[in-house]
>>> print(open('upload19.cif').read())   # mmCIF, C-alpha atoms and all ligand atoms; chains and numbers go by the auth columns
data_my_file
loop_
_atom_site.group_PDB
_atom_site.id
_atom_site.type_symbol
_atom_site.label_atom_id
_atom_site.label_comp_id
_atom_site.label_asym_id
_atom_site.label_seq_id
_atom_site.Cartn_x
_atom_site.Cartn_y
_atom_site.Cartn_z
_atom_site.B_iso_or_equiv
_atom_site.auth_seq_id
_atom_site.auth_asym_id
ATOM 1 C CA MET A 1 32.648 -3.340 81.632 0.00 1 X
ATOM 2 C CA HIS A 2 31.729 -4.619 78.186 0.00 2 X
ATOM 3 C CA ILE A 3 30.692 -1.650 76.067 0.00 3 X
ATOM 4 C CA GLU A 4 27.533 -3.356 74.804 0.00 4 X
ATOM 5 C CA LEU A 5 26.240 -3.645 78.375 0.00 5 X
ATOM 6 C CA THR A 6 25.758 0.150 78.393 0.00 6 X
ATOM 7 C CA GLU A 7 22.280 -0.165 76.913 0.00 7 X
ATOM 8 C CA MET A 8 21.222 -2.529 79.728 0.00 8 X
ATOM 9 C CA LEU A 9 22.255 -0.215 82.566 0.00 9 X
ATOM 10 C CA ARG A 10 19.962 2.041 84.551 0.00 10 X
ATOM 11 C CA CYS A 11 20.575 4.877 86.978 0.00 11 X
ATOM 12 C CA PRO A 12 20.060 3.677 90.585 0.00 12 X
ATOM 13 C CA GLU A 13 18.193 6.840 91.561 0.00 13 X
ATOM 14 C CA ARG A 14 14.412 6.506 92.001 0.00 14 X
ATOM 15 C CA HIS A 15 13.192 7.741 88.650 0.00 15 X
ATOM 16 C CA GLU A 16 12.113 6.080 85.423 0.00 16 X
ATOM 17 C CA GLU A 17 14.581 3.961 83.472 0.00 17 X
ATOM 18 C CA ALA A 18 16.576 5.954 80.936 0.00 18 X
ATOM 19 C CA PHE A 19 19.600 5.132 78.826 0.00 19 X
ATOM 20 C CA LEU A 20 22.848 6.240 80.415 0.00 20 X
ATOM 21 C CA VAL A 21 25.305 8.153 78.281 0.00 21 X
ATOM 22 C CA MET A 22 28.817 6.733 78.113 0.00 22 X
ATOM 23 C CA SER A 23 31.996 8.763 77.730 0.00 23 X
ATOM 24 C CA THR A 24 34.756 6.249 77.244 0.00 24 X
ATOM 25 C CA GLY A 25 38.304 6.753 78.404 0.00 25 X
ATOM 26 C CA GLU A 26 40.626 3.773 78.112 0.00 26 X
ATOM 27 C CA MET A 27 39.343 0.751 76.181 0.00 27 X
ATOM 28 C CA VAL A 28 40.871 -2.738 76.024 0.00 28 X
ATOM 29 C CA GLY A 29 39.176 -4.569 73.167 0.00 29 X
ATOM 30 C CA ARG A 30 35.421 -4.232 73.823 0.00 30 X
ATOM 31 C CA MET A 31 35.943 -3.590 77.549 0.00 31 X
ATOM 32 C CA VAL A 32 35.760 -0.075 78.956 0.00 32 X
ATOM 33 C CA ARG A 33 38.560 0.272 81.510 0.00 33 X
ATOM 34 C CA SER A 34 37.870 3.884 82.400 0.00 34 X
ATOM 35 C CA GLY A 35 35.143 6.379 81.611 0.00 35 X
ATOM 36 C CA ILE A 36 32.033 8.088 82.924 0.00 36 X
ATOM 37 C CA LEU A 37 28.355 7.162 82.648 0.00 37 X
ATOM 38 C CA GLY A 38 25.949 10.070 82.861 0.00 38 X
ATOM 39 C CA CYS A 39 22.216 9.983 83.629 0.00 39 X
ATOM 40 C CA PRO A 40 20.143 12.274 81.381 0.00 40 X
ATOM 41 C CA VAL A 41 17.291 12.363 83.948 0.00 41 X
ATOM 42 C CA CYS A 42 18.980 13.308 87.240 0.00 42 X
ATOM 43 C CA ARG A 43 22.360 14.383 85.810 0.00 43 X
ATOM 44 C CA LYS A 44 24.320 12.125 88.160 0.00 44 X
ATOM 45 C CA GLU A 45 27.613 10.745 86.874 0.00 45 X
ATOM 46 C CA TYR A 46 29.099 7.353 87.633 0.00 46 X
ATOM 47 C CA PRO A 47 32.787 6.629 87.133 0.00 47 X
ATOM 48 C CA ILE A 48 34.275 3.499 85.564 0.00 48 X
ATOM 49 C CA VAL A 49 37.557 2.797 87.323 0.00 49 X
ATOM 50 C CA LYS A 50 39.760 -0.190 86.469 0.00 50 X
ATOM 51 C CA GLY A 51 36.846 -1.633 84.511 0.00 51 X
ATOM 52 C CA ILE A 52 34.354 -1.520 87.399 0.00 52 X
ATOM 53 C CA VAL A 53 31.337 0.799 87.193 0.00 53 X
ATOM 54 C CA ASN A 54 30.789 2.455 90.555 0.00 54 X
ATOM 55 C CA PHE A 55 27.115 3.286 91.150 0.00 55 X
ATOM 56 C CA SER A 56 27.587 3.585 94.907 0.00 56 X
ATOM 57 C CA GLY A 57 27.949 6.863 96.723 0.00 57 X
ATOM 58 C CA GLY A 58 24.431 8.003 95.808 0.00 58 X
ATOM 59 C CA GLU A 59 21.779 9.191 98.254 0.00 59 X
ATOM 60 C CA GLY A 60 19.791 5.969 98.415 0.00 60 X
ATOM 61 C CA THR A 61 19.802 3.727 101.466 0.00 61 X
ATOM 62 C CA PRO A 62 21.979 0.638 101.023 0.00 62 X
ATOM 63 C CA LEU A 63 19.964 -2.572 100.912 0.00 63 X
ATOM 64 C CA ARG A 64 20.793 -4.819 103.818 0.00 64 X
ATOM 65 C CA ASP A 65 22.642 -8.051 103.291 0.00 65 X
ATOM 66 C CA LYS A 66 21.449 -11.146 105.028 0.00 66 X
ATOM 67 C CA ASN A 67 22.643 -11.446 108.627 0.00 67 X
ATOM 68 C CA THR A 68 25.885 -13.344 108.203 0.00 68 X
ATOM 69 C CA GLN A 69 25.305 -15.136 111.527 0.00 69 X
ATOM 70 C CA SER A 70 22.671 -17.159 109.721 0.00 70 X
ATOM 71 C CA LEU A 71 25.165 -18.229 107.070 0.00 71 X
ATOM 72 C CA ARG A 72 26.949 -20.699 109.341 0.00 72 X
ATOM 73 C CA GLY A 73 26.581 -24.222 108.107 0.00 73 X
ATOM 74 C CA VAL A 74 25.816 -23.100 104.550 0.00 74 X
ATOM 75 C CA PRO A 75 26.691 -25.977 102.202 0.00 75 X
ATOM 76 C CA SER A 76 29.589 -25.530 99.808 0.00 76 X
ATOM 77 C CA PRO A 77 28.719 -23.628 96.614 0.00 77 X
ATOM 78 C CA PRO A 78 27.152 -25.585 93.749 0.00 78 X
ATOM 79 C CA ASP A 79 29.347 -26.726 90.865 0.00 79 X
ATOM 80 C CA ALA A 80 28.999 -25.098 87.462 0.00 80 X
ATOM 81 C CA GLU A 81 27.327 -28.102 85.775 0.00 81 X
ATOM 82 C CA THR A 82 24.623 -28.143 88.462 0.00 82 X
ATOM 83 C CA LEU A 83 24.082 -24.403 88.146 0.00 83 X
ATOM 84 C CA GLN A 84 23.901 -24.565 84.368 0.00 84 X
ATOM 85 C CA ALA A 85 21.250 -27.290 84.561 0.00 85 X
ATOM 86 C CA LEU A 86 19.226 -25.503 87.258 0.00 86 X
ATOM 87 C CA LEU A 87 19.339 -22.237 85.326 0.00 87 X
ATOM 88 C CA ASP A 88 18.205 -24.081 82.185 0.00 88 X
ATOM 89 C CA LEU A 89 20.979 -22.392 80.212 0.00 89 X
ATOM 90 C CA SER A 90 21.489 -23.904 76.823 0.00 90 X
ATOM 91 C CA GLY A 91 22.496 -21.979 73.759 0.00 91 X
ATOM 92 C CA PRO A 92 24.528 -18.790 73.486 0.00 92 X
ATOM 93 C CA GLY A 93 23.542 -15.161 73.812 0.00 93 X
ATOM 94 C CA GLY A 94 22.180 -12.828 76.433 0.00 94 X
ATOM 95 C CA TYR A 95 23.128 -11.864 79.948 0.00 95 X
ATOM 96 C CA VAL A 96 23.403 -13.812 83.197 0.00 96 X
ATOM 97 C CA VAL A 97 23.444 -11.726 86.377 0.00 97 X
ATOM 98 C CA LEU A 98 25.473 -12.912 89.380 0.00 98 X
ATOM 99 C CA VAL A 99 24.741 -11.059 92.636 0.00 99 X
ATOM 100 C CA GLY A 100 27.335 -10.763 95.434 0.00 100 X
ATOM 101 C CA SER A 101 29.605 -13.766 95.959 0.00 101 X
ATOM 102 C CA ALA A 102 27.760 -15.601 93.142 0.00 102 X
ATOM 103 C CA ALA A 103 30.098 -13.665 90.798 0.00 103 X
ATOM 104 C CA ARG A 104 32.660 -16.377 91.627 0.00 104 X
ATOM 105 C CA HIS A 105 30.706 -18.749 89.349 0.00 105 X
ATOM 106 C CA ALA A 106 31.380 -16.676 86.224 0.00 106 X
ATOM 107 C CA VAL A 107 34.628 -18.333 85.135 0.00 107 X
ATOM 108 C CA ALA A 108 33.355 -21.908 85.489 0.00 108 X
ATOM 109 C CA LEU A 109 29.997 -21.152 83.861 0.00 109 X
ATOM 110 C CA ALA A 110 31.723 -19.348 80.982 0.00 110 X
ATOM 111 C CA GLY A 111 33.905 -22.439 80.523 0.00 111 X
ATOM 112 C CA LEU A 112 30.768 -24.524 79.941 0.00 112 X
ATOM 113 C CA MET A 113 28.938 -22.092 77.686 0.00 113 X
ATOM 114 C CA GLY A 114 30.275 -19.645 75.148 0.00 114 X
ATOM 115 C CA GLY A 115 28.479 -16.553 73.950 0.00 115 X
ATOM 116 C CA ILE A 116 26.874 -15.547 77.234 0.00 116 X
ATOM 117 C CA HIS A 117 27.954 -12.348 78.982 0.00 117 X
ATOM 118 C CA PHE A 118 28.032 -12.379 82.776 0.00 118 X
ATOM 119 C CA VAL A 119 27.337 -9.342 84.952 0.00 119 X
ATOM 120 C CA GLY A 120 28.640 -9.387 88.537 0.00 120 X
ATOM 121 C CA ILE A 121 26.921 -7.068 91.039 0.00 121 X
ATOM 122 C CA ASP A 122 29.084 -6.178 94.066 0.00 122 X
ATOM 123 C CA ALA A 123 31.492 -9.017 93.367 0.00 123 X
ATOM 124 C CA PRO A 124 34.016 -9.944 96.092 0.00 124 X
ATOM 125 C CA PRO A 125 37.391 -8.175 95.695 0.00 125 X
ATOM 126 C CA ASP A 126 39.118 -11.367 94.500 0.00 126 X
ATOM 127 C CA VAL A 127 36.871 -11.544 91.399 0.00 127 X
ATOM 128 C CA ALA A 128 38.470 -9.822 88.399 0.00 128 X
ATOM 129 C CA GLU A 129 36.830 -8.374 85.317 0.00 129 X
ATOM 130 C CA LEU A 130 37.100 -10.553 82.197 0.00 130 X
ATOM 131 C CA PRO A 131 35.994 -10.264 78.565 0.00 131 X
ATOM 132 C CA VAL A 132 33.021 -12.455 79.571 0.00 132 X
ATOM 133 C CA LEU A 133 32.380 -10.719 82.917 0.00 133 X
ATOM 134 C CA SER A 134 31.418 -7.103 83.583 0.00 134 X
ATOM 135 C CA LEU A 135 31.513 -5.823 87.163 0.00 135 X
ATOM 136 C CA LEU A 136 29.121 -3.233 88.636 0.00 136 X
ATOM 137 C CA ALA A 137 29.181 -1.891 92.199 0.00 137 X
ATOM 138 C CA CYS A 138 25.936 -0.607 93.711 0.00 138 X
ATOM 139 C CA GLU A 139 24.666 -0.810 97.292 0.00 139 X
ATOM 140 C CA THR A 140 21.107 0.323 96.691 0.00 140 X
ATOM 141 C CA MET A 141 19.812 -1.796 93.797 0.00 141 X
ATOM 142 C CA ILE A 142 20.828 -3.874 90.781 0.00 142 X
ATOM 143 C CA PRO A 143 21.632 -1.055 88.318 0.00 143 X
ATOM 144 C CA LEU A 144 20.212 -2.889 85.298 0.00 144 X
ATOM 145 C CA ARG A 145 17.010 -2.450 83.315 0.00 145 X
ATOM 146 C CA ARG A 146 14.006 -4.653 84.013 0.00 146 X
ATOM 147 C CA ALA A 147 13.673 -8.026 82.264 0.00 147 X
ATOM 148 C CA MET A 148 17.159 -8.155 80.691 0.00 148 X
ATOM 149 C CA ALA A 149 18.643 -11.324 82.243 0.00 149 X
ATOM 150 C CA ARG A 150 18.405 -14.902 80.947 0.00 150 X
ATOM 151 C CA ALA A 151 19.191 -16.114 84.445 0.00 151 X
ATOM 152 C CA VAL A 152 20.172 -14.763 87.859 0.00 152 X
ATOM 153 C CA VAL A 153 22.194 -16.329 90.691 0.00 153 X
ATOM 154 C CA VAL A 154 22.057 -14.692 94.125 0.00 154 X
ATOM 155 C CA GLY A 155 24.881 -15.369 96.615 0.00 155 X
ATOM 156 C CA PRO A 156 23.938 -16.484 100.153 0.00 156 X
ATOM 157 C CA GLU A 157 24.774 -13.162 101.783 0.00 157 X
ATOM 158 C CA ARG A 158 22.415 -11.380 99.370 0.00 158 X
ATOM 159 C CA ALA A 159 19.424 -13.696 99.945 0.00 159 X
ATOM 160 C CA SER A 160 17.422 -10.947 101.710 0.00 160 X
ATOM 161 C CA PRO A 161 13.986 -9.799 100.425 0.00 161 X
ATOM 162 C CA PRO A 162 15.094 -6.443 98.924 0.00 162 X
ATOM 163 C CA TRP A 163 17.903 -8.016 96.870 0.00 163 X
ATOM 164 C CA LEU A 164 15.649 -10.886 95.801 0.00 164 X
ATOM 165 C CA SER A 165 13.017 -8.445 94.512 0.00 165 X
ATOM 166 C CA GLU A 166 15.757 -6.729 92.555 0.00 166 X
ATOM 167 C CA ALA A 167 16.860 -10.089 91.136 0.00 167 X
ATOM 168 C CA LEU A 168 13.270 -10.762 90.048 0.00 168 X
ATOM 169 C CA ARG A 169 12.957 -7.314 88.448 0.00 169 X
ATOM 170 C CA VAL A 170 15.913 -7.848 86.103 0.00 170 X
ATOM 171 C CA LEU A 171 14.942 -11.439 85.195 0.00 171 X
ATOM 172 C CA LEU A 172 13.129 -12.172 81.933 0.00 172 X
ATOM 173 C CA ARG A 173 9.689 -13.767 82.160 0.00 173 X
ATOM 174 C CA GLY A 174 9.818 -17.571 82.124 0.00 174 X
ATOM 175 C CA ARG A 175 13.509 -17.613 83.070 0.00 175 X
ATOM 176 C CA ARG A 176 15.215 -19.036 86.156 0.00 176 X
ATOM 177 C CA LEU A 177 16.713 -17.698 89.353 0.00 177 X
ATOM 178 C CA VAL A 178 18.904 -19.671 91.762 0.00 178 X
ATOM 179 C CA ILE A 179 19.346 -18.461 95.347 0.00 179 X
ATOM 180 C CA GLU A 180 22.275 -19.984 97.235 0.00 180 X
ATOM 181 C CA ASP A 181 20.159 -20.281 100.375 0.00 181 X
ATOM 182 C CA GLU A 182 17.436 -22.903 100.549 0.00 182 X
ATOM 183 C CA GLY A 183 15.781 -21.037 103.433 0.00 183 X
ATOM 184 C CA ALA A 184 15.235 -17.926 101.324 0.00 184 X
ATOM 185 C CA THR A 185 11.830 -16.266 101.222 0.00 185 X
ATOM 186 C CA ALA A 186 11.239 -15.653 97.544 0.00 186 X
ATOM 187 C CA PRO A 187 9.228 -12.648 96.401 0.00 187 X
ATOM 188 C CA ALA A 188 5.770 -13.019 94.860 0.00 188 X
ATOM 189 C CA GLY A 189 6.099 -13.532 91.128 0.00 189 X
ATOM 190 C CA LEU A 190 8.625 -16.342 91.434 0.00 190 X
ATOM 191 C CA LYS A 191 7.361 -19.889 91.047 0.00 191 X
ATOM 192 C CA GLN A 192 9.298 -22.365 93.171 0.00 192 X
ATOM 193 C CA LEU A 193 10.731 -25.246 91.117 0.00 193 X
ATOM 194 C CA ALA A 194 13.109 -26.959 93.547 0.00 194 X
ATOM 195 C CA VAL A 195 14.638 -26.563 96.994 0.00 195 X
ATOM 196 C CA GLY A 196 17.511 -28.533 98.470 0.00 196 X
ATOM 197 C CA GLN A 197 21.265 -28.910 98.860 0.00 197 X
ATOM 198 C CA GLY A 198 21.499 -25.285 99.897 0.00 198 X
ATOM 199 C CA LEU A 199 19.720 -23.963 96.812 0.00 199 X
ATOM 200 C CA TRP A 200 16.345 -22.425 96.058 0.00 200 X
ATOM 201 C CA VAL A 201 15.369 -22.539 92.390 0.00 201 X
ATOM 202 C CA GLY A 202 12.484 -20.592 90.889 0.00 202 X
ATOM 203 C CA GLU A 203 11.085 -19.337 87.621 0.00 203 X
ATOM 204 C CA ARG A 204 9.597 -15.949 86.862 0.00 204 X
ATOM 205 C CA GLY A 205 5.883 -16.350 86.159 0.00 205 X
HETATM 206 ZN ZN ZN B . 19.487 9.306 87.274 0.00 301 V
#
>>> encode(input="upload19.cif", output="structure tokens")
Amino acid sequence: MHIELTEMLRCPERHEEAFLVMSTGEMVGRMVRSGILGCPVCRKEYPIVKGIVNFSGGEGTPLRDKNTQSLRGVPSPPDAETLQALLDLSGPGGYVVLVGSAARHAVALAGLMGGIHFVGIDAPPDVAELPVLSLLACETMIPLRRAMARAVVVGPERASPPWLSEALRVLLRGRRLVIEDEGATAPAGLKQLAVGQGLWVGERG
């Protein structure tokens, strides 16, 4: 995990947002390879192992993924140029959150745009941490503070209402969210901009 992401994290327990306290172990450049994040409110500790922050193992109920039966016939994933245009990403800086299998887009998107840091939530095991990509594991929520993301992409298996409300919570006002499921039911607060070719595109009002 990139060390500067620390200030954007939140404890996944159900209490107010509070800065987590980082104790770093091994660092490689600006990436924390091992360490512990502690919550000053509930005193829980979350380990960073091989670069991945593990927020799972808490007492919360895991949010359900979308029934994978319904994923048959899902169109192939969008290409990076299409995603960049739909997310209205121009100019460097800030964070883009990629939920579930959407973490696979990080490398191609980073190739198009420098200066953006990507945050993968529950990325598939074949997705590796990179200087431009931090990986967080959490089954109960997106462990990030509200309104911190320039854009969010939600993978098809995560297109269920609880994950979509989490995606909306971390998105900045006026910024875009792409759901890789055109049949998704978007939460209130998202204005629909486009639907088609397997994608649902909206903007936070
Ligand atoms: Zn806590």
>>> resolve_selection(input="upload19.cif", expression="the PyMOL selection byres (((chain X and resi 12-28) around 12) and not hetatm)", output="VMD selection string")
chain X and resid 1 to 11 29 to 51 53 to 62 129 to 131 136 to 146 166
>>> atom_distance(input="upload19.cif", atom1="CA of Val107 (chain X)", atom2="CA of Arg173 (chain X)")
25.5 Å
>>> closest_residue(input="upload19.cif", among="X:Asp88, X:Glu203, X:Glu180, X:Glu157", to="Ala123 (chain X)", atoms="only C-alpha atoms")
X:Glu157
>>> residues_near_point(input="upload19.cif", point="(21.7, -9.4, 95.1)", cutoff="10 Å", atoms="all atoms listed in the file", output="VMD selection string")
chain X and resid 63 to 65 97 to 102 120 to 123 138 to 142 152 to 168 179
>>> residues_near_point(input="upload19.cif", point="(27.9, -26.3, 85.8)", cutoff="6 Å", atoms="all atoms listed in the file", output="ChimeraX atom specification")
/X:79-84,109
